[in-house]
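> Please read through the structure below; I'll follow up with questions.
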Amino acid sequence: MTPDISSAQQQRNHRIIVLALICLTLLGLAFRLYLAWQTNQTLPDTPARLKGDEPGYEGLAYALLKGYFFEWPGRTPIYPFFVAGCYAIFGRSPAAVVYVQAFLGATIIPLTFILARRFTGAQSSLVAAGLIALHPSLILHVSRVQTEILYAPLIILTVLSLLRALEQPQWQNFSLAGAVLAITNLCRPTGMLLLAIVPLLMPRQWSFKRKIALFMAYLGAIIIITAPWTYHNYRTHKTFLIYSVSTALLWQGSPEFYHLAYEQVPKRNLVQIWDEELNPARNGGHNAFTIEGDRYFTKRAIASILREPAVYVWYCLQKAVFLWLGNPMSDWPSHAMFNVEAMRPFFSPQRIVGIFWSRILPVFAALGMIVLRHRWREFLPLLLVCGYFTLIHSLTYAEVRYSEPLHPILAVVIATAAGELQRRLKLSSQ
């Protein structure tokens with residue numbers, strides 16, 4: 001009788017967990033739909049509502065429907081395809097895109113739960129999913145016509161597929177993992193060198209021949225999926241371009257940019273520097289959104305780094321912090337980090353609380369890894385993924401929005417650490 005009772009209890013617990021996850025997902029969807037509705041109430045349903053990087057993505061999407069296939073090298077194709085699909089169904093309506101993004105954004109809640117279950121129990125996994133369901137910055141992604149809303153679930157799928165390949169080392173699984181990474185890179189190419197961490201994660205007991213074969217399956221899938229896009233770039237622009245231009249990303253991480261952004265008085269924000277230094281009308285005709293302009297600024301960046309390597313190293317160390325806590329030039333008003341008084345003229349009290357919540361999360365994750373230090377090998381894939389993006393943005397340019405798609409990983413660490421602390425407290429009280 002005992003096994004039957006135990007089995008029935010397990011099934012009952014499983015149903016409760018599934019129901020709780022569904023409720024969390026619906027709760028997260030409700031918040032996202034509310035933000036979408038609120039955003040659409042205050043903005044016109046035209047491209048005039050868009051700002052920053054949004055018009056570039058929207059323009060490419062609309063051009064696709066008009067028969068023009070990515071004639072500009074400034075962006076990769078996945079997110080414009082998504083927007084174009086929305087337009088094909090609902091017409092040229094940014095408001096409709098925002099509503100669809102509410103549903104897309106909610107997918108990271110169950111995906112976070114699935115990722116967390118690889119490291120902790122069901123209850124702690126629900127905590128991780130809950131953190132993401134209520135995550136203010138991830139909810140805010142819904143309102144922006146930018147890649148973050150799609151990139152966040154793709155990053156989780158990339159990690160999940162890689163973990164599965166490492167656990168079940170067959171060439172089919174490594175090929176699938178490579179295919180997912182290729183699609184993620186075609187959404188945003190920052191992870192183009194992420195494949196370099198794969199050999200580091202392969203167990204030592206695997207033979208060298210096996211490692212080579214599985215890595216080639218991983219790399220081969222990436223090449224097969226990426227090659228058509230690279231070929232399109234070659235045909236269109238008559239040059240080898242794997243993904244897209246970087247839009248002067250290295251220059252924005254160079255000592256020359258550092259002096260302009262952080263040392264001049266009065267201090268300027270990113271928009272002002274773009275209007276002055278990256279404006280073709282003022283810099284001799286070099287447009288960072290073109291191949292020529294991007295290469296020009298890359299050469300300037302390299303020259304600047306070679307002139308002042310010590311300044312570059314110091315700036316890189318700062319960018320490692322800026323990525324997770326916010327860049328004072330672009331993410332914090334008046335260059336004042338965590339300054340409530342400086343934020344009040346620009347944000348509501350609720351928004352200030354949300355910003356602090358989102359940007360303090362990496363600190364709790366770091367503390368969580370201290371709690372979980374005895375399990376660091378188990379968490380090595382997550383640590384290497386976060387470390388990779390930290391390194392890339394430290395070398396180039398860092399804003400907090402570049403790290404926000406990685407916050408589900410932070411939520412997994414925090415929830416696992418919380419579960420570990422709870423377990424230790426129970427043991428100590430017995």
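Naming scheme: A, B, ... for chains in displayed order of the structure tokens; residues 1 onward per chain; ligands 1 onward as shown.
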Run DSSP on the backbone and grab whatever in segment 153-381 of chain A lands in helix (DSSP H, G or I); send it over as a ChimeraX atom specification.
/A:153-167,171-187,189-201,208-237,251-253,255-263,270-277,291-307,309-325,333-335,340-343,349-371,373-375,380-381
> What's the 9 Å shell around segment 177-186 of chain A, counting only C-alpha atoms, without same-chain residues fewer than 4 positions away, as a short mmCIF file (atom, residue, chain, number, x, y, z; two decimals) with N, CA, C and O atoms, in the first residue's frame?

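Saved as part-v1.cif:
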data_model
loop_
_atom_site.label_atom_id
_atom_site.label_comp_id
_atom_site.auth_asym_id
_atom_site.auth_seq_id
_atom_site.Cartn_x
_atom_site.Cartn_y
_atom_site.Cartn_z
N ARG A 75 21.40 45.35 -39.25
CA ARG A 75 20.69 44.46 -38.33
C ARG A 75 20.68 43.03 -38.87
O ARG A 75 20.80 42.79 -40.07
N THR A 76 20.52 42.08 -37.95
CA THR A 76 20.35 40.68 -38.31
C THR A 76 18.86 40.38 -38.51
O THR A 76 18.01 41.16 -38.10
N PRO A 77 18.49 39.23 -39.12
CA PRO A 77 17.14 39.09 -39.66
C PRO A 77 16.04 38.60 -38.74
O PRO A 77 14.85 38.85 -39.02
N ILE A 78 16.33 37.90 -37.65
CA ILE A 78 15.28 37.19 -36.93
C ILE A 78 14.22 38.13 -36.37
O ILE A 78 13.01 37.91 -36.57
N TYR A 79 14.62 39.17 -35.66
CA TYR A 79 13.61 40.06 -35.07
C TYR A 79 12.83 40.84 -36.12
O TYR A 79 11.60 40.93 -36.01
N LEU A 150 12.69 38.94 -27.73
CA LEU A 150 12.90 37.65 -28.39
C LEU A 150 14.21 37.00 -27.98
O LEU A 150 14.32 35.77 -27.89
N TYR A 151 15.19 37.84 -27.68
CA TYR A 151 16.52 37.32 -27.33
C TYR A 151 16.52 36.59 -26.00
O TYR A 151 17.24 35.60 -25.84
N LEU A 154 15.36 33.03 -26.38
CA LEU A 154 16.34 32.32 -27.20
C LEU A 154 17.60 31.98 -26.41
O LEU A 154 18.19 30.91 -26.59
N ILE A 155 18.02 32.88 -25.52
CA ILE A 155 19.19 32.59 -24.69
C ILE A 155 18.92 31.39 -23.78
O ILE A 155 19.78 30.50 -23.62
N LEU A 157 16.81 28.95 -24.32
CA LEU A 157 16.78 27.76 -25.17
C LEU A 157 18.20 27.34 -25.58
O LEU A 157 18.50 26.15 -25.68
N THR A 158 19.07 28.32 -25.81
CA THR A 158 20.46 28.02 -26.14
C THR A 158 21.14 27.27 -25.00
O THR A 158 21.83 26.27 -25.22
N VAL A 159 20.92 27.74 -23.77
CA VAL A 159 21.53 27.09 -22.61
C VAL A 159 20.93 25.70 -22.39
O VAL A 159 21.65 24.73 -22.15
N LEU A 160 19.61 25.60 -22.48
CA LEU A 160 18.95 24.31 -22.28
C LEU A 160 19.40 23.28 -23.30
O LEU A 160 19.66 22.11 -22.95
N SER A 161 19.50 23.68 -24.56
CA SER A 161 19.90 22.72 -25.60
C SER A 161 21.36 22.29 -25.41
O SER A 161 21.70 21.13 -25.65
N LEU A 162 22.21 23.21 -24.93
CA LEU A 162 23.60 22.84 -24.68
C LEU A 162 23.70 21.89 -23.49
O LEU A 162 24.46 20.90 -23.54
N LEU A 163 22.94 22.15 -22.43
CA LEU A 163 22.96 21.25 -21.27
C LEU A 163 22.48 19.85 -21.67
O LEU A 163 23.05 18.84 -21.22
N ARG A 164 21.46 19.79 -22.49
CA ARG A 164 20.95 18.49 -22.94
C ARG A 164 22.01 17.76 -23.77
O ARG A 164 22.20 16.54 -23.63
N ALA A 165 22.72 18.50 -24.62
CA ALA A 165 23.76 17.87 -25.44
C ALA A 165 24.89 17.32 -24.57
O ALA A 165 25.42 16.24 -24.84
N GLN A 172 23.38 14.31 -32.82
CA GLN A 172 22.11 14.99 -33.11
C GLN A 172 21.82 16.09 -32.08
O GLN A 172 21.35 17.17 -32.45
N ASN A 173 22.11 15.81 -30.81
CA ASN A 173 21.86 16.80 -29.77
C ASN A 173 22.80 17.99 -29.89
O ASN A 173 22.40 19.14 -29.67
N THR A 190 25.79 39.04 -30.65
CA THR A 190 26.76 39.13 -29.56
C THR A 190 27.33 37.77 -29.19
O THR A 190 28.48 37.65 -28.76
N GLY A 191 26.54 36.70 -29.34
CA GLY A 191 26.98 35.36 -28.95
C GLY A 191 27.72 34.61 -30.03
O GLY A 191 27.85 33.38 -29.95
N MET A 192 28.25 35.31 -31.03
CA MET A 192 28.87 34.62 -32.16
C MET A 192 30.09 33.79 -31.74
O MET A 192 30.43 32.82 -32.41
N LEU A 194 30.28 32.40 -28.64
CA LEU A 194 29.88 31.61 -27.48
C LEU A 194 30.23 30.13 -27.64
O LEU A 194 30.39 29.42 -26.64
N LEU A 195 30.37 29.69 -28.87
CA LEU A 195 30.73 28.28 -29.11
C LEU A 195 32.08 27.93 -28.50
O LEU A 195 32.39 26.76 -28.28
N ALA A 217 29.97 18.70 -35.00
CA ALA A 217 28.52 18.66 -35.22
C ALA A 217 27.87 19.97 -34.76
O ALA A 217 26.98 20.51 -35.42
N TYR A 218 28.35 20.49 -33.63
CA TYR A 218 27.86 21.77 -33.09
C TYR A 218 28.19 22.92 -34.06
O TYR A 218 27.31 23.71 -34.44
N LEU A 219 29.46 22.98 -34.46
CA LEU A 219 29.91 24.04 -35.35
C LEU A 219 29.27 23.92 -36.73
O LEU A 219 28.89 24.92 -37.34
N GLY A 220 29.12 22.69 -37.20
CA GLY A 220 28.53 22.49 -38.53
C GLY A 220 27.11 23.01 -38.61
O GLY A 220 26.72 23.63 -39.62
N ALA A 221 26.33 22.79 -37.57
CA ALA A 221 24.96 23.29 -37.57
C ALA A 221 24.93 24.81 -37.59
O ALA A 221 24.09 25.42 -38.28
N ILE A 222 25.86 25.42 -36.86
CA ILE A 222 25.94 26.89 -36.86
C ILE A 222 26.25 27.40 -38.26
O ILE A 222 25.62 28.35 -38.75
N ILE A 223 27.22 26.76 -38.91
CA ILE A 223 27.62 27.21 -40.25
C ILE A 223 26.48 27.03 -41.25
O ILE A 223 26.20 27.94 -42.06
N ILE A 224 25.80 25.89 -41.19
CA ILE A 224 24.72 25.62 -42.15
C ILE A 224 23.60 26.64 -42.03
O ILE A 224 23.06 27.12 -43.03
N ILE A 225 23.25 27.01 -40.82
CA ILE A 225 22.14 27.95 -40.62
C ILE A 225 22.57 29.38 -40.88
O ILE A 225 21.78 30.20 -41.38
N THR A 226 23.83 29.71 -40.58
CA THR A 226 24.29 31.08 -40.74
C THR A 226 24.70 31.38 -42.18
O THR A 226 24.59 32.54 -42.63
N TRP A 229 22.57 33.60 -44.67
CA TRP A 229 22.56 35.02 -44.33
C TRP A 229 23.89 35.69 -44.71
O TRP A 229 23.90 36.80 -45.26
N TYR A 243 27.36 38.57 -39.91
CA TYR A 243 26.04 38.91 -39.38
C TYR A 243 25.62 40.31 -39.79
O TYR A 243 24.75 40.49 -40.63
#
> List the neighbours of segment 277-291 of chain A out to 9 Å using only C-alpha atoms; skip same-chain residues closer than 5 positions along the sequence, and give me the result as JSON, numbers by chain.
{"A": [72, 73, 74, 237, 239, 241, 244, 245, 246, 247, 248, 272, 296, 297]}
> Give me, as a Markdown table, each residue of segment 353-387 of chain A that comes within 12 Å of segment 106-117 of chain A, together with its shortest interatomic pair and the distance in Å at one decimal, counting only C-alpha atoms, with rows ordered by chain and rising residue number.

| residue | atom | partner | partner_atom | distance |
| --- | --- | --- | --- | --- |
| A:Phe379 | CA | A:Ala116 | CA | 10.9 |
| A:Pro381 | CA | A:Leu115 | CA | 11.7 |
| A:Leu382 | CA | A:Leu115 | CA | 10.2 |
> Tell me which protein, DNA and RNA residues are within 8 Å of segment 47-51 of chain A, counting only C-alpha atoms, leaving out same-chain ones fewer than 5 positions away, and put them as a ChimeraX atom specification.
/A:58,94,145
> Put those residues in a file: all heavy atoms, as a tab-separated table (two decimals), in the first residue's frame.

chain	number	residue	atom	x	y	z
A	58	GLU	N	11.83	48.30	-37.24
A	58	GLU	CA	10.52	48.44	-37.85
A	58	GLU	C	10.63	48.71	-39.34
A	58	GLU	O	9.86	48.15	-40.14
A	58	GLU	CB	9.75	49.58	-37.16
A	58	GLU	CG	8.27	49.62	-37.45
A	58	GLU	CD	7.91	50.32	-38.74
A	58	GLU	OE1	8.77	51.09	-39.27
A	58	GLU	OE2	6.78	50.14	-39.24
A	94	PRO	N	2.42	49.01	-34.84
A	94	PRO	CA	3.32	48.76	-33.70
A	94	PRO	C	2.55	48.37	-32.44
A	94	PRO	O	3.07	47.61	-31.62
A	94	PRO	CB	4.02	50.11	-33.52
A	94	PRO	CG	3.98	50.75	-34.87
A	94	PRO	CD	2.66	50.32	-35.46
A	145	VAL	N	10.07	47.93	-29.35
A	145	VAL	CA	10.25	47.17	-30.59
A	145	VAL	C	11.76	46.98	-30.77
A	145	VAL	O	12.41	47.58	-31.62
A	145	VAL	CB	9.62	47.92	-31.78
A	145	VAL	CG1	9.74	47.09	-33.07
A	145	VAL	CG2	8.15	48.21	-31.50
> Leaving out Leu27 of chain A and any residue of its chain fewer than 2 positions from it, which residues lie within 12 Å of it when counting only C-alpha atoms, given as a list in words?
Ala20, Leu21, Ile22, Cys23, Leu24, Thr25, Leu29, Ala30, Phe31, Arg32, Leu33, Tyr34, Ala102, Phe103, Ala106, Thr107, Ile109, Pro110, Ala129, Gly130, Leu131, Ile132, Ala133, Leu134, His135 and Ile139 of chain A
> Keeping only N, CA, C and O atoms, take the residues you just selected and write them out as a CSV table (one decimal), in the first residue's frame.

chain,number,residue,atom,x,y,z
A,20,ALA,N,0.6,25.6,-10.2
A,20,ALA,CA,1.3,26.9,-9.7
A,20,ALA,C,2.1,27.5,-10.9
A,20,ALA,O,2.1,28.8,-11.0
A,21,LEU,N,2.7,26.7,-11.7
A,21,LEU,CA,3.5,27.3,-12.8
A,21,LEU,C,2.5,28.0,-13.8
A,21,LEU,O,2.9,29.1,-14.3
A,22,ILE,N,1.4,27.3,-14.1
A,22,ILE,CA,0.4,27.9,-15.0
A,22,ILE,C,-0.1,29.3,-14.4
A,22,ILE,O,-0.2,30.3,-15.1
A,23,CYS,N,-0.3,29.3,-13.1
A,23,CYS,CA,-0.8,30.5,-12.5
A,23,CYS,C,0.3,31.6,-12.6
A,23,CYS,O,0.0,32.8,-12.9
A,24,LEU,N,1.5,31.3,-12.3
A,24,LEU,CA,2.6,32.3,-12.4
A,24,LEU,C,2.8,32.8,-13.9
A,24,LEU,O,3.0,34.0,-14.1
A,25,THR,N,2.6,31.9,-14.8
A,25,THR,CA,2.7,32.3,-16.2
A,25,THR,C,1.6,33.2,-16.6
A,25,THR,O,1.8,34.3,-17.3
A,29,LEU,N,1.9,37.1,-17.7
A,29,LEU,CA,1.2,37.5,-18.9
A,29,LEU,C,0.3,38.7,-18.7
A,29,LEU,O,0.2,39.6,-19.4
A,30,ALA,N,-0.4,38.6,-17.6
A,30,ALA,CA,-1.4,39.7,-17.2
A,30,ALA,C,-0.6,41.0,-17.0
A,30,ALA,O,-1.0,42.1,-17.5
A,31,PHE,N,0.5,41.0,-16.3
A,31,PHE,CA,1.3,42.2,-16.2
A,31,PHE,C,1.8,42.7,-17.5
A,31,PHE,O,1.8,43.9,-17.8
A,32,ARG,N,2.2,41.8,-18.4
A,32,ARG,CA,2.8,42.2,-19.7
A,32,ARG,C,1.7,42.8,-20.6
A,32,ARG,O,1.9,43.7,-21.3
A,33,LEU,N,0.5,42.1,-20.5
A,33,LEU,CA,-0.6,42.6,-21.3
A,33,LEU,C,-1.1,44.0,-20.8
A,33,LEU,O,-1.4,44.9,-21.6
A,34,TYR,N,-1.1,44.2,-19.5
A,34,TYR,CA,-1.5,45.5,-19.0
A,34,TYR,C,-0.5,46.6,-19.4
A,34,TYR,O,-0.9,47.7,-19.8
A,102,ALA,N,3.7,40.7,-25.6
A,102,ALA,CA,3.3,40.3,-24.3
A,102,ALA,C,3.3,38.8,-24.1
A,102,ALA,O,3.7,38.2,-23.1
A,103,PHE,N,2.7,38.1,-25.1
A,103,PHE,CA,2.7,36.7,-25.1
A,103,PHE,C,4.0,36.1,-25.2
A,103,PHE,O,4.4,35.1,-24.6
A,106,ALA,N,6.0,36.3,-22.0
A,106,ALA,CA,5.6,35.4,-21.0
A,106,ALA,C,6.2,34.0,-21.1
A,106,ALA,O,6.2,33.2,-20.1
A,107,THR,N,6.7,33.7,-22.3
A,107,THR,CA,7.3,32.3,-22.5
A,107,THR,C,8.6,32.1,-21.6
A,107,THR,O,8.9,31.0,-21.3
A,109,ILE,N,8.9,32.6,-18.6
A,109,ILE,CA,8.5,32.1,-17.2
A,109,ILE,C,8.6,30.6,-17.1
A,109,ILE,O,9.3,30.1,-16.3
A,110,PRO,N,7.9,29.9,-18.0
A,110,PRO,CA,8.0,28.4,-17.9
A,110,PRO,C,9.4,27.9,-18.3
A,110,PRO,O,10.0,26.9,-17.8
A,129,ALA,N,10.8,31.1,-11.4
A,129,ALA,CA,9.8,31.5,-12.3
A,129,ALA,C,9.1,32.7,-11.9
A,129,ALA,O,8.7,33.6,-12.6
A,130,GLY,N,8.8,32.8,-10.6
A,130,GLY,CA,8.1,33.9,-10.0
A,130,GLY,C,8.9,35.2,-10.1
A,130,GLY,O,8.3,36.3,-10.4
A,131,LEU,N,10.2,35.1,-9.9
A,131,LEU,CA,11.1,36.3,-10.0
A,131,LEU,C,11.0,36.8,-11.4
A,131,LEU,O,11.0,38.0,-11.6
A,132,ILE,N,10.9,35.9,-12.4
A,132,ILE,CA,10.9,36.4,-13.8
A,132,ILE,C,9.5,36.9,-14.2
A,132,ILE,O,9.3,37.8,-15.0
A,133,ALA,N,8.5,36.2,-13.6
A,133,ALA,CA,7.1,36.7,-13.9
A,133,ALA,C,6.9,38.1,-13.5
A,133,ALA,O,6.2,38.9,-14.2
A,134,LEU,N,7.5,38.5,-12.4
A,134,LEU,CA,7.3,39.9,-11.8
A,134,LEU,C,8.5,40.8,-12.1
A,134,LEU,O,8.6,41.9,-11.5
A,135,HIS,N,9.4,40.4,-12.9
A,135,HIS,CA,10.7,41.1,-13.2
A,135,HIS,C,10.3,42.4,-13.9
A,135,HIS,O,9.9,42.4,-15.1
A,139,ILE,N,9.5,42.8,-18.0
A,139,ILE,CA,8.1,43.2,-18.3
A,139,ILE,C,8.2,44.4,-19.3
A,139,ILE,O,7.4,44.5,-20.3
> Between atom CA of Phe257 of chain A and atom CA of Ser304 of chain A, what is the distance, to one decimal in Å?
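For atom CA of Phe257 of chain A relative to atom CA of Ser304 of chain A, the distance reads 9.0 Å.
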> With only C-alpha atoms as the basis for distance, which of A:Leu176, A:Arg235, A:Leu250, A:Arg118 is at the shortest distance from Phe69 of chain A?
A:Arg235
> Please, what distance in Å, to one decimal, runs between atom CA of Arg401 of chain A and atom CA of Gly326 of chain A?
8.2 Å
